[in-house]
Structures are given as C-alpha cells and as structure tokens.
>>> print(open('my_file-v2.txt').read())   # compact mmCIF, C-alpha atoms
# COMPACT_ATOMS: atom_id res chain seq x y z
CA MET A 36 129.34 97.37 21.54
CA GLN A 37 126.95 94.74 22.89
CA LYS A 38 124.71 92.34 21.09
CA ALA A 39 122.05 90.15 22.60
CA GLY A 40 122.73 86.42 22.70
CA LEU A 41 125.85 84.32 22.58
CA ASN A 42 125.70 83.76 18.81
CA ALA A 43 125.00 87.31 17.77
CA GLU A 44 125.66 88.46 14.22
CA THR A 45 129.06 90.15 13.89
CA PRO A 46 128.56 93.91 13.68
CA THR A 47 130.43 96.47 11.61
CA PHE A 48 132.13 99.66 12.76
CA ASP A 49 128.96 101.62 12.05
CA SER A 50 126.62 99.20 13.87
CA THR A 51 124.93 100.17 17.15
CA SER A 52 124.61 98.22 20.38
CA ASP A 53 121.48 96.29 21.23
CA THR A 54 119.45 97.44 24.21
CA ILE A 55 119.83 94.75 26.87
CA ASP A 56 118.00 95.10 30.21
CA GLY A 57 120.51 95.39 33.03
CA VAL A 58 123.55 95.86 30.75
CA SER A 59 125.21 99.13 29.81
CA VAL A 60 128.55 99.97 28.14
CA ASN A 61 130.32 103.18 29.11
CA GLY A 62 133.66 103.56 27.34
CA ARG A 63 135.80 100.66 28.53
CA THR A 64 133.37 99.76 31.39
CA VAL A 65 130.53 97.28 31.21
CA ASP A 66 127.94 97.52 34.03
CA ILE A 67 125.80 94.45 34.59
CA THR A 68 122.97 94.73 37.11
CA LYS A 69 120.76 91.87 35.99
CA ASN A 70 121.31 88.34 34.77
CA ALA A 71 121.85 88.31 30.99
CA GLU A 72 123.51 86.47 28.09
CA PHE A 73 125.16 88.70 25.49
CA THR A 74 128.23 89.12 23.31
CA LEU A 75 130.62 92.01 23.71
CA PHE A 76 132.26 93.14 20.40
CA ALA A 77 135.26 95.38 19.85
CA VAL A 78 135.26 96.74 16.18
CA ASP A 79 137.82 99.12 14.72
CA SER A 80 137.35 101.42 11.71
CA CYS A 81 138.59 98.69 9.40
CA ASN A 82 135.92 96.37 10.72
CA ASN A 83 138.38 94.16 12.53
CA VAL A 84 136.37 92.42 15.27
CA THR A 85 137.09 90.81 18.63
CA GLU A 86 134.17 89.17 20.44
CA ILE A 87 133.67 88.02 24.04
CA PRO A 88 130.55 85.96 24.94
CA LEU A 89 129.35 86.79 28.48
CA VAL A 90 126.89 84.94 30.73
CA ALA A 91 125.78 86.70 33.98
CA ASP A 92 123.52 84.25 35.84
CA ASN A 93 124.07 84.88 39.57
CA LEU A 94 123.35 88.58 40.02
CA GLY A 95 120.86 89.46 42.79
CA GLU A 96 120.79 85.96 44.14
CA ALA A 97 123.62 86.13 46.68
CA PRO A 98 122.21 86.10 50.25
CA GLN A 99 122.75 89.27 52.20
CA PRO A 100 123.59 89.86 55.86
CA HIS A 101 121.28 91.93 58.05
CA LEU A 102 121.57 94.15 61.12
CA GLN A 103 120.20 93.48 64.58
CA LYS A 104 120.05 96.08 67.37
CA VAL A 105 120.42 95.23 71.05
CA VAL A 106 119.53 97.98 73.54
CA SER A 107 121.33 98.09 76.89
CA GLY A 108 119.32 97.76 80.09
CA ASP A 109 119.74 101.45 80.89
CA MET A 110 118.71 102.41 77.34
CA GLN A 111 121.88 104.48 76.91
CA THR A 112 123.73 102.34 74.36
CA VAL A 113 122.76 100.23 71.35
CA LYS A 114 124.91 97.48 69.87
CA VAL A 115 124.31 97.01 66.14
CA TYR A 116 125.35 93.50 65.12
CA LEU A 117 126.08 92.33 61.57
CA ILE A 118 124.28 88.99 61.22
CA PRO A 119 125.37 86.58 58.41
CA PRO A 120 122.77 84.75 56.34
CA GLU A 121 122.23 81.02 56.80
CA ASP A 122 124.09 79.90 53.70
CA SER A 123 127.15 77.64 53.69
CA ASP A 124 128.52 79.43 50.59
CA PHE A 125 128.53 82.75 52.47
CA THR A 126 131.74 83.04 54.50
CA ASN A 127 134.31 85.45 55.94
CA LEU A 128 131.82 88.20 56.88
CA VAL A 129 133.78 91.13 58.32
CA MET A 130 132.55 94.59 59.37
CA THR A 131 135.02 97.13 58.04
CA ASN A 132 133.90 100.28 59.92
CA ASP A 133 136.73 101.89 61.88
CA ASN A 134 134.81 101.51 65.16
CA ALA A 135 133.81 97.90 64.54
CA LYS A 136 134.35 95.38 67.34
CA GLN A 137 134.02 91.62 67.58
CA GLU A 138 131.88 90.18 70.37
CA THR A 139 133.86 88.07 72.83
CA SER A 140 131.22 87.39 75.47
CA ASP A 141 129.31 84.12 75.54
CA GLY A 142 125.90 83.99 73.97
CA GLU A 143 124.20 84.07 70.62
CA TYR A 144 126.29 87.02 69.37
CA ASN A 145 129.68 85.54 70.22
CA GLY A 146 132.17 86.14 67.40
CA LEU A 147 129.94 88.57 65.49
CA TYR A 148 130.97 92.08 64.50
CA TYR A 149 129.17 95.10 65.89
CA ILE A 150 129.39 98.81 66.51
CA GLU A 151 128.27 100.48 69.74
CA VAL A 152 126.14 103.62 69.44
CA THR A 153 125.48 106.05 72.31
CA GLY A 154 123.20 108.49 70.54
CA ASN A 155 120.26 108.34 68.18
CA GLU A 156 121.59 108.67 64.61
CA ASN A 157 121.63 107.18 61.12
CA ILE A 158 124.47 104.71 60.63
CA VAL A 159 126.14 102.96 57.67
CA ILE A 160 127.69 99.53 58.13
CA ASN A 161 130.38 98.50 55.62
CA TYR A 162 131.36 94.89 55.24
CA THR A 163 133.17 92.32 53.09
CA TYR A 164 132.44 88.65 52.59
CA THR A 165 133.13 85.68 50.34
CA TYR A 166 130.36 84.04 48.37
CA LYS A 167 131.00 80.93 46.32
CA GLY A 168 134.66 81.73 46.34
CA GLU A 169 134.19 85.32 45.18
CA ASN A 170 135.20 88.21 47.45
CA GLU A 171 132.43 90.78 47.71
CA SER A 172 131.60 93.91 49.70
CA GLY A 173 128.49 95.79 50.66
CA GLU A 174 126.86 98.26 53.01
CA LEU A 175 123.75 98.39 55.16
CA LYS A 176 122.02 101.46 56.60
CA ALA A 177 120.02 101.74 59.79
CA ALA A 178 118.51 104.37 62.05
CA VAL A 179 119.21 104.14 65.79
CA THR A 180 116.25 105.62 67.66
CA GLU A 181 116.25 103.52 70.84
CA ILE A 182 118.47 105.72 73.01
CA ASP A 183 116.19 107.23 75.69
CA ASN A 184 117.38 110.34 77.51
CA SER A 185 113.98 111.48 78.72
CA PRO A 186 112.80 111.18 82.35
CA ALA A 187 110.06 108.75 83.32
CA ASN A 188 106.49 109.94 82.84
CA LYS A 189 103.85 109.13 85.42
CA ILE A 190 100.98 107.39 83.66
CA SER A 191 98.72 106.80 86.67
CA GLU A 192 98.31 107.68 90.35
CA VAL A 193 95.83 105.62 92.37
CA TRP A 194 95.08 106.14 96.07
CA SER A 195 93.49 103.60 98.41
CA GLU A 196 89.78 104.04 99.06
CA ASN A 197 90.28 105.15 102.67
CA ALA A 198 92.21 108.20 101.42
CA LYS A 199 88.81 109.66 100.54
CA SER A 200 87.21 109.09 103.96
CA SER A 201 87.09 111.80 106.59
CA LYS A 202 88.86 109.57 109.12
CA THR A 203 90.59 106.19 108.98
CA ASN A 204 92.58 104.08 111.41
CA LYS A 205 94.27 102.15 108.58
CA SER A 206 97.35 103.07 106.54
CA VAL A 207 96.75 105.07 103.35
CA THR A 208 98.56 104.05 100.14
CA ALA A 209 99.32 105.74 96.83
CA GLN A 210 100.32 103.67 93.80
CA LEU A 211 102.24 105.35 90.96
CA ARG A 212 102.90 103.79 87.55
CA PHE A 213 105.50 105.09 85.07
CA ASP A 214 106.36 104.46 81.44
CA LYS A 215 109.85 103.25 82.40
CA LEU A 216 111.49 100.96 84.91
CA ILE A 217 112.19 102.87 88.13
CA THR A 218 115.51 101.99 89.79
CA LYS A 219 115.41 104.44 92.69
CA ALA A 220 112.76 106.42 94.58
CA GLU A 221 113.38 108.69 97.56
CA TRP A 222 111.93 111.71 99.35
CA LYS A 223 113.28 115.14 98.49
CA ASN A 224 114.55 117.31 101.36
CA GLN A 225 112.22 115.76 103.93
CA SER A 226 112.73 115.25 107.66
CA GLY A 227 110.67 113.73 110.42
CA TYR A 228 108.18 111.03 109.52
CA LEU A 229 108.81 109.54 106.05
CA PRO A 230 106.21 107.23 104.46
CA GLU A 231 107.48 103.85 103.30
CA ILE A 232 108.45 103.46 99.60
CA TYR A 233 108.17 100.18 97.70
CA LYS A 234 109.39 99.66 94.09
CA LEU A 235 108.45 96.97 91.57
CA ASP A 236 109.45 97.42 87.94
CA ASN A 237 107.67 100.57 86.72
CA GLN A 238 105.48 100.86 89.82
CA VAL A 239 106.13 102.76 93.06
CA THR A 240 103.87 102.32 96.10
CA ILE A 241 103.82 104.78 99.01
CA SER A 242 102.43 103.65 102.37
CA TYR A 243 101.39 106.26 104.95
CA SER A 244 101.09 104.89 108.49
CA GLU A 245 100.47 108.38 109.83
CA ASN A 246 99.59 111.83 108.53
CA ALA A 247 102.13 113.69 106.39
CA PRO A 248 102.32 117.07 104.64
CA THR A 249 102.61 117.59 100.88
CA MET A 250 105.81 115.81 99.85
CA THR A 251 108.00 115.49 96.75
CA LEU A 252 109.09 112.06 95.53
CA VAL A 253 112.24 111.86 93.36
CA CYS A 254 112.25 108.90 90.96
CA THR A 255 115.25 107.76 88.92
CA ALA A 256 114.44 105.77 85.78
CA VAL A 257 116.51 102.95 84.32
CA ASN A 258 118.16 105.44 81.94
CA GLY A 259 119.43 107.52 84.86
CA GLN A 260 117.01 110.39 84.24
CA VAL A 261 115.17 111.90 87.20
CA CYS A 262 111.60 113.09 87.62
CA GLU A 263 109.83 114.64 90.61
CA ILE A 264 106.29 113.79 91.72
CA THR A 265 104.36 115.93 94.21
CA LEU A 266 102.03 113.97 96.49
CA ASN A 267 99.18 115.64 98.34
CA GLU A 268 99.11 115.80 102.12
CA VAL A 269 97.51 112.99 104.10
CA LYS A 270 95.60 114.26 107.13
CA ASN A 271 92.79 111.80 107.85
CA ILE A 272 94.72 109.03 109.63
CA ASP A 273 93.79 108.58 113.28
CA LYS A 274 95.03 105.42 114.98
CA ASN A 275 94.67 106.70 118.54
CA ALA A 276 91.89 105.26 120.65
CA PRO A 277 89.69 107.86 122.38
CA ILE A 278 90.75 108.84 125.90
CA ILE A 279 87.84 108.80 128.34
CA THR A 280 87.89 110.40 131.77
CA GLU A 281 85.18 110.17 134.41
CA THR A 282 83.93 112.18 137.36
CA ILE A 283 81.59 110.70 139.96
CA GLN A 284 79.20 112.99 141.79
CA PRO A 285 77.15 111.41 144.61
CA SER A 286 73.65 112.64 145.38
CA GLU A 287 73.12 114.50 148.67
CA ASN A 288 72.14 111.36 150.55
CA HIS A 289 74.60 109.12 148.66
CA ARG A 290 71.83 106.83 147.49
CA LYS A 291 72.90 107.29 143.85
CA VAL A 292 75.72 108.88 141.83
CA THR A 293 75.93 110.74 138.54
CA VAL A 294 78.86 109.65 136.36
CA THR A 295 80.09 112.16 133.78
CA LEU A 296 82.17 110.68 130.96
CA LYS A 297 84.32 113.03 128.85
CA ALA A 298 86.13 112.09 125.60
CA ASP A 299 89.13 113.88 124.10
CA LYS A 300 87.44 113.84 120.67
CA GLU A 301 84.06 113.21 119.04
CA VAL A 302 82.88 109.67 119.78
CA ILE A 303 79.81 107.47 119.72
CA PHE A 304 78.76 106.22 123.16
CA ARG A 305 77.55 102.73 122.38
CA GLU A 306 75.50 102.28 125.53
CA ASN A 307 73.07 105.00 124.46
CA GLY A 308 73.88 105.42 120.76
CA LYS A 309 74.61 109.14 121.10
CA GLN A 310 77.48 111.10 119.60
CA GLY A 311 79.47 113.82 121.29
CA THR A 312 82.27 114.41 123.77
CA GLU A 313 80.38 114.36 127.12
CA PHE A 314 77.84 111.90 128.48
CA THR A 315 76.19 111.23 131.86
CA ARG A 316 74.90 108.09 133.56
CA VAL A 317 72.94 107.82 136.82
CA ILE A 318 73.92 104.77 138.87
CA ASN A 319 71.94 103.43 141.86
CA ALA A 320 74.17 100.58 143.00
CA ASN A 321 77.83 100.04 143.77
CA GLY A 322 79.82 97.98 141.29
CA GLU A 323 81.97 98.12 138.17
CA TYR A 324 80.40 99.47 134.98
CA VAL A 325 81.97 99.07 131.54
CA TYR A 326 81.18 101.62 128.84
CA HIS A 327 82.21 101.41 125.15
CA PHE A 328 83.17 104.18 122.73
CA ALA A 329 84.14 104.44 119.03
CA ASP A 330 85.56 107.40 117.13
CA ALA A 331 84.98 108.33 113.49
CA ALA A 332 88.11 106.47 112.39
CA GLY A 333 86.90 103.22 113.91
CA ASN A 334 89.16 103.21 116.97
CA LEU A 335 87.51 101.51 119.96
CA THR A 336 88.00 101.95 123.67
CA GLU A 337 86.22 100.98 126.84
CA LYS A 338 86.06 102.69 130.20
CA VAL A 339 85.61 100.83 133.47
CA VAL A 340 83.95 102.95 136.15
CA LYS A 341 84.07 101.68 139.71
CA VAL A 342 81.35 102.98 142.03
CA ASP A 343 81.69 102.24 145.76
CA SER A 344 80.29 105.32 147.48
CA ILE A 345 76.57 104.57 147.26
CA ILE A 346 74.82 103.94 150.60
CA ASP A 347 72.68 100.95 149.89
CA LYS A 348 71.46 100.15 153.47
CA ASP A 349 69.26 102.14 155.80
CA LEU A 350 70.77 103.68 158.91
CA SER A 351 70.11 101.30 161.83
CA LEU A 352 70.61 101.33 165.60
CA THR A 353 70.99 98.39 167.97
CA PHE A 354 70.58 98.64 171.78
CA SER A 355 71.97 96.72 174.71
CA LEU A 356 72.08 97.02 178.48
CA ALA A 357 75.61 95.61 178.45
CA SER A 358 78.63 97.71 177.56
CA ASP A 359 80.03 95.07 175.26
CA GLY A 360 76.79 94.80 173.35
CA THR A 361 75.97 91.28 174.49
CA ASP A 362 72.33 90.45 174.61
CA SER A 363 71.53 93.28 172.17
CA LYS A 364 67.90 94.11 171.91
CA SER A 365 65.44 96.02 169.89
CA PRO A 366 64.13 99.17 171.63
CA ASP A 367 60.85 97.60 172.68
CA LYS A 368 62.69 94.90 174.66
CA LEU A 369 64.62 97.27 176.91
CA GLY A 370 61.79 97.76 179.43
CA ARG A 371 60.82 101.03 181.09
CA LEU A 372 63.88 103.16 181.61
CA LYS A 373 64.27 105.27 184.76
CA VAL A 374 66.37 108.30 185.57
CA GLY A 375 69.99 107.27 185.75
CA ASP A 376 69.52 104.11 183.71
CA THR A 377 72.20 103.42 181.19
CA VAL A 378 71.70 101.99 177.72
CA TYR A 379 74.31 101.22 175.08
CA VAL A 380 73.71 101.90 171.39
CA SER A 381 75.58 100.89 168.22
CA ALA A 382 75.05 102.17 164.64
CA ASN A 383 75.87 100.50 161.36
CA ARG A 384 77.74 103.65 160.23
CA ASN A 385 79.00 106.86 161.74
CA CYS A 386 76.21 109.14 162.89
CA THR A 387 75.06 111.63 165.53
CA VAL A 388 72.21 110.78 167.92
CA THR A 389 69.97 113.11 169.92
CA TRP A 390 67.20 112.51 172.52
CA ASN A 391 63.77 113.96 172.02
CA GLY A 392 64.98 116.52 169.49
CA ASP A 393 67.81 117.98 171.56
CA THR A 394 70.18 120.06 169.52
CA THR A 395 73.18 118.67 171.34
CA GLY A 396 74.02 115.30 169.91
CA GLN A 397 76.42 112.49 170.62
CA ASN A 398 78.65 111.01 167.92
CA LEU A 399 78.56 107.27 167.27
CA THR A 400 81.29 105.35 165.53
CA ALA A 401 80.09 102.58 163.29
CA GLY A 402 80.18 99.21 165.08
CA ALA A 403 81.19 100.64 168.47
CA TRP A 404 78.98 100.58 171.57
CA THR A 405 78.35 104.03 173.02
CA LYS A 406 76.92 104.73 176.49
CA LEU A 407 73.71 106.80 176.82
CA THR A 408 72.21 107.79 180.19
CA VAL A 409 68.56 108.65 180.77
CA SER A 410 68.57 112.08 182.36
CA GLU A 411 66.03 113.44 184.83
CA ASP A 412 64.15 115.42 182.24
CA LEU A 413 63.37 112.19 180.41
CA ALA A 414 62.02 110.37 183.43
CA GLY A 415 58.48 109.17 183.07
CA LEU A 416 58.48 109.84 179.35
CA TYR A 417 58.76 107.62 176.34
CA PRO A 418 62.00 108.99 174.97
CA THR A 419 62.80 108.88 171.29
CA ILE A 420 66.23 108.81 169.73
CA LYS A 421 67.13 110.26 166.35
CA ALA A 422 70.21 109.24 164.39
CA LYS A 423 71.54 111.24 161.46
CA ASP A 424 74.53 110.25 159.33
CA GLU A 425 76.91 112.56 157.50
CA TYR A 426 74.73 112.37 154.35
CA SER A 427 71.54 113.45 156.18
CA ASN A 428 70.02 109.99 156.20
CA THR A 429 68.05 109.66 159.47
CA LYS A 430 66.63 107.02 161.73
CA VAL A 431 64.10 107.80 164.49
CA LEU A 432 63.32 105.18 167.16
CA SER A 433 61.05 105.15 170.20
CA LEU A 434 61.85 102.91 173.05
CA TYR A 435 58.58 101.25 172.19
CA ALA A 436 57.88 102.30 168.64
CA ASP A 437 59.95 102.37 165.51
CA SER A 438 59.53 105.00 162.80
CA ASN A 439 61.80 105.84 159.90
CA ALA A 440 62.53 109.29 158.56
CA GLY A 441 64.71 109.36 155.48
>>> encode(input="my_file-v2.txt", output="structure tokens")
Amino acid sequence: MQKAGLNAETPTFDSTSDTIDGVSVNGRTVDITKNAEFTLFAVDSCNNVTEIPLVADNLGEAPQPHLQKVVSGDMQTVKVYLIPPEDSDFTNLVMTNDNAKQETSDGEYNGLYYIEVTGNENIVINYTYTYKGENESGELKAAVTEIDNSPANKISEVWSENAKSSKTNKSVTAQLRFDKLITKAEWKNQSGYLPEIYKLDNQVTISYSENAPTMTLVCTAVNGQVCEITLNEVKNIDKNAPIITETIQPSENHRKVTVTLKADKEVIFRENGKQGTEFTRVINANGEYVYHFADAAGNLTEKVVKVDSIIDKDLSLTFSLASDGTDSKSPDKLGRLKVGDTVYVSANRNCTVTWNGDTTGQNLTAGAWTKLTVSEDLAGLYPTIKAKDEYSNTKVLSLYADSNAG
C-alpha cells in the first residue's frame, strides 16, 4: 500500500492506501505518472512491515524529440526526420522502425534518422534515447498529407488585348497560370504551324505569330501528372501588306489618263481617305505618283504609278524650202507658192497631213523632213494644211494664217 510523504505513519494489515495524484498500485506494479513523494509499505497478516520511501521528481520534464517532414521536389515522396531536442543530457537518439534510415548526405539533416513515405498515411515513429544516463523509449505520430498525385489545375487564362480586335498585324499571346510547377508543355497531335511555348515556374505563355486552329496543350506538372488545356482558334492575325495593282487608261486624245488602283483586300486609300478595294485617279501630267494604303490590321504599303503616255504639247509643223530643213520657216515666210513648187514639212510627232481637206493624206514621221509639192489644182489659191496625229489631235495651218483645231 502507499502512504503520502516520506515519514508516513506505519500502517496495519487492515489499513488502506492514501490517494496520491499520479501514483497507483496494481498488485506488484506501481505506476507513477506525476512527480510525487510517498512511502510504499508491504504489510503481511501479522502486521510485519517493510517500507520503501520513493521520490519521483523528474517525470514530464525530459525534453522530447519532434518530427520534421521534407517533401521532394516532385511531391511524390516525403522524408520524416526524427529531430533531437537541444539538450546536452539527451543523447543516443535512434529511430527503431524497421524501415528507418540514417541520412548520409551533407546538409542540416546529416546523421539524423528518417523514414521515407510515398503515400499519404498516418505513421508512428518509435525511438530510444538516453537522458541523464537513463535509457528511455517513446513514439511520435504524424499524418503525411503532402503527397500530390493530382494533375495541375489551370487557375487563369489571359489573352493579349489584340486577341479581341478584328484584325492585328502583331503576334497574339495567351498566358496560362497553374496551381503547380509545370515541367513540360507541348502540343497534342498537331502538325503544320505550331505556336511558340514558353514556361516559367507555374506559368505557360503561348505566342501566335500566325493564325492557328483550336489546339490542345498538354502540360506535365512537377509531380508527373498530366493535364490538357484546349485553346481557342486564332484567326485575326494579318501580317501581309496589301497588294495593289494598277491599270492606266488614257483619254481619247491622250491629254490625261485615268488610273484605277485595285487592292487584294479592304484598305483605306490615304490620299482620299476612302475605304474599299478599288479607287480611281485622273492624272493630267506625266510623272511618278506615290499612293499610300493601310489595311484593317495596320499593314502599310505604297504604290508607285509611272505615267508617261500623256501628250503634253500641241501638235506643231515646221516648214522649209530645203530638204534638210535648214532655214526652216513659219508658213507666212514661205512666199507665194506656185504650181510645182516644193516645200518640206516636219512634225513634232507622227501624224498625217492633207491639203485643203483632201481625204488622201501623207504620213509624217516625227522629226523627219517630208517633201510636199503644190499641185496644179492649188495654184493661185491660199492652200491650207491639216495635220492629225494618231490620237485625233489636229493642227491646221494656212500658208499665211495659223489656226488651231484641237
């Protein structure tokens, strides 16, 4: 039986034990769970007594080890380390589980005991140690919940602003963020043009430099699990400058031309601010003309139109009495022509000349001197000469008077 205190009164065989907090006697076993001072008595039926004073003053004060979990980078294994307390009296800590290992790699855990867990579960760590020279044992429990076998979840999908426009001449990007580190991203069963893929931690960026259909992106997370992301088609990218073609249509007399400009797609013609695919310009002088166009995506182009078919000088005739054109004269300086007289004429461009409205003409080559003879039916008259070029421009001259027609 037990009695409180170290100098307790000696009991008899019929006495009862005192109630002492943290102390209980069960047959030949004494359980002590709290610090206490008491006397243990053994009394037989003849009241013979043996006493043992007991002092328990270090229960509950011994430092205890603790567990620390380290998750692998791929989140597929967890090492559970047994960490000793910082107490010089606490020594010889050993994990006694059958699957216990001792860390041999350099670092803060070198020499410590651990177990390696590959699945989420409740574990019990058994251990022994020495404290103040006494060999002790204990156990610690922990729940391993860090093993992650689930695929990555997409937490956001953000497209560049130009993805919303009807047309763009810039690349379109999509930025995906996940709840796990992504180690690999690739297109699923795709051929032809493949948009560029860029990875950074838990973010994947897709860059479209041209249009693409609906595509499936396969992402592998750090834990080896795979997820598939469907990305919408991109169809608004246009990086091709408009193609402009021109046709030049001269007027009947070639004094002006109409230029028709045709585009292969809808454009804005900057010179007149109009939108469409066909535009016209009327040009009155030879030269080079530069026109500018822009499509809806912002692509620019210019078209240089060269015009050289406009007749910008009147048809003119020069006369001479010499075959080589020396001493050329204006008509009024030729004098009175008689039957059989010869005069030479030169034109500044190809034309046909007739006398006094005759229907039969004579062709002149530009710059050449052509012989004309005054026939008998013109004698005594004041003959007129009419020149007409291939574009119906005309010049009418009298030997004494000059009049223009056309």
>>> residues_around(input="my_file-v2.txt", residues="Thr405 (chain A)", least_positions_apart="5", cutoff="7 Å", atoms="only C-alpha atoms", output="PDB file with C-alpha atoms, keeping the file's coordinate frame")
ATOM      1  CA  TYR A 379      74.310 101.220 175.080  1.00  0.00           C
ATOM      2  CA  VAL A 380      73.710 101.900 171.390  1.00  0.00           C
ATOM      3  CA  SER A 381      75.580 100.890 168.220  1.00  0.00           C
ATOM      4  CA  LEU A 399      78.560 107.270 167.270  1.00  0.00           C
TER       5      LEU A 399
END
>>> residues_around(input="my_file-v2.txt", residues="Asp109 (chain A)", least_positions_apart="3", cutoff="12 Å", atoms="only C-alpha atoms", output="list of chain:residue names")
A:Val105, A:Val106, A:Thr112, A:Val113, A:Thr153, A:Glu181, A:Ile182, A:Asp183, A:Asn184, A:Ser185, A:Lys215, A:Leu216, A:Ile217, A:Thr218, A:Thr255, A:Ala256, A:Val257, A:Asn258, A:Gly259, A:Gln260
>>> write_last_selection(input="my_file-v2.txt", atoms="C-alpha atoms", output="short mmCIF file (atom, residue, chain, number, x, y, z; two decimals), keeping the file's coordinate frame")
data_model
loop_
_atom_site.label_atom_id
_atom_site.label_comp_id
_atom_site.auth_asym_id
_atom_site.auth_seq_id
_atom_site.Cartn_x
_atom_site.Cartn_y
_atom_site.Cartn_z
CA VAL A 105 120.42 95.23 71.05
CA VAL A 106 119.53 97.98 73.54
CA THR A 112 123.73 102.34 74.36
CA VAL A 113 122.76 100.23 71.35
CA THR A 153 125.48 106.05 72.31
CA GLU A 181 116.25 103.52 70.84
CA ILE A 182 118.47 105.72 73.01
CA ASP A 183 116.19 107.23 75.69
CA ASN A 184 117.38 110.34 77.51
CA SER A 185 113.98 111.48 78.72
CA LYS A 215 109.85 103.25 82.40
CA LEU A 216 111.49 100.96 84.91
CA ILE A 217 112.19 102.87 88.13
CA THR A 218 115.51 101.99 89.79
CA THR A 255 115.25 107.76 88.92
CA ALA A 256 114.44 105.77 85.78
CA VAL A 257 116.51 102.95 84.32
CA ASN A 258 118.16 105.44 81.94
CA GLY A 259 119.43 107.52 84.86
CA GLN A 260 117.01 110.39 84.24
#
>>> residues_near_point(input="my_file-v2.txt", point="(103.6, 108.8, 88.4)", cutoff="10 Å", atoms="only C-alpha atoms", output="PyMOL selection string")
chain A and resi 187-193+209-214+237-239+252+254+262-266
>>> closest_residue(input="my_file-v2.txt", among="A:Val292, A:Ala71, A:Leu407, A:Val378", to="Lys364 (chain A)", atoms="only C-alpha atoms")
A:Val378
>>> residues_around(input="my_file-v2.txt", residues="region 73-89 of chain A", least_positions_apart="4", cutoff="10 Å", atoms="all atoms listed in the file", output="PyMOL selection string")
chain A and resi 36-50+52-53+55+58+60+65
>>> atom_distance(input="my_file-v2.txt", atom1="CA of Asp330 (chain A)", atom2="CA of Ile303 (chain A)")
6.3 Å
>>> atom_distance(input="my_file-v2.txt", atom1="CA of Thr54 (chain A)", atom2="CA of Val90 (chain A)")
15.9 Å
>>> residues_around(input="my_file-v2.txt", residues="region 170-179 of chain A", least_positions_apart="5", cutoff="7 Å", atoms="all atoms listed in the file", output="ChimeraX atom specification")
/A:155-165
>>> residues_around(input="my_file-v2.txt", residues="region 101-103 of chain A", least_positions_apart="4", cutoff="7 Å", atoms="only C-alpha atoms", output="number ranges by chain")
A: 115-119
>>> closest_residue(input="my_file-v2.txt", among="A:Pro285, A:Asn132, A:Val325, A:Glu151", to="Lys104 (chain A)", atoms="only C-alpha atoms")
A:Glu151
>>> decode(input="my_file-v2.txt", residues="region 157-192 of chain A", atoms="C-alpha atoms", output="short mmCIF file (atom, residue, chain, number, x, y, z; two decimals), in the first residue's frame")
data_model
loop_
_atom_site.label_atom_id
_atom_site.label_comp_id
_atom_site.auth_asym_id
_atom_site.auth_seq_id
_atom_site.Cartn_x
_atom_site.Cartn_y
_atom_site.Cartn_z
CA ASN A 157 -0.74 8.08 -40.70
CA ILE A 158 2.63 6.98 -39.38
CA VAL A 159 4.09 6.03 -35.97
CA ILE A 160 7.76 6.68 -35.24
CA ASN A 161 9.37 4.57 -32.49
CA TYR A 162 12.61 5.63 -30.91
CA THR A 163 15.02 5.14 -28.00
CA TYR A 164 17.30 7.63 -26.31
CA THR A 165 19.35 8.26 -23.19
CA TYR A 166 18.50 11.08 -20.83
CA LYS A 167 20.69 11.86 -17.85
CA GLY A 168 22.14 8.42 -18.08
CA GLU A 169 18.77 6.66 -18.19
CA ASN A 170 17.75 4.68 -21.27
CA GLU A 171 14.27 5.63 -22.42
CA SER A 172 11.94 4.98 -25.35
CA GLY A 173 9.00 6.70 -26.94
CA GLU A 174 6.83 7.14 -30.00
CA LEU A 175 5.57 10.01 -32.12
CA LYS A 176 2.63 10.04 -34.52
CA ALA A 177 2.18 12.10 -37.66
CA ALA A 178 -0.07 12.33 -40.70
CA VAL A 179 1.56 12.54 -44.13
CA THR A 180 -0.73 14.52 -46.44
CA GLU A 181 1.80 16.21 -48.73
CA ILE A 182 1.97 13.58 -51.48
CA ASP A 183 0.27 15.11 -54.53
CA ASN A 184 -0.95 12.79 -57.27
CA SER A 185 -3.41 15.19 -58.84
CA PRO A 186 -2.82 16.97 -62.18
CA ALA A 187 -2.22 20.70 -62.33
CA ASN A 188 -5.29 22.92 -62.33
CA LYS A 189 -5.43 25.99 -64.54
CA ILE A 190 -6.20 28.98 -62.34
CA SER A 191 -6.18 31.69 -65.01
CA GLU A 192 -6.04 32.21 -68.78
#
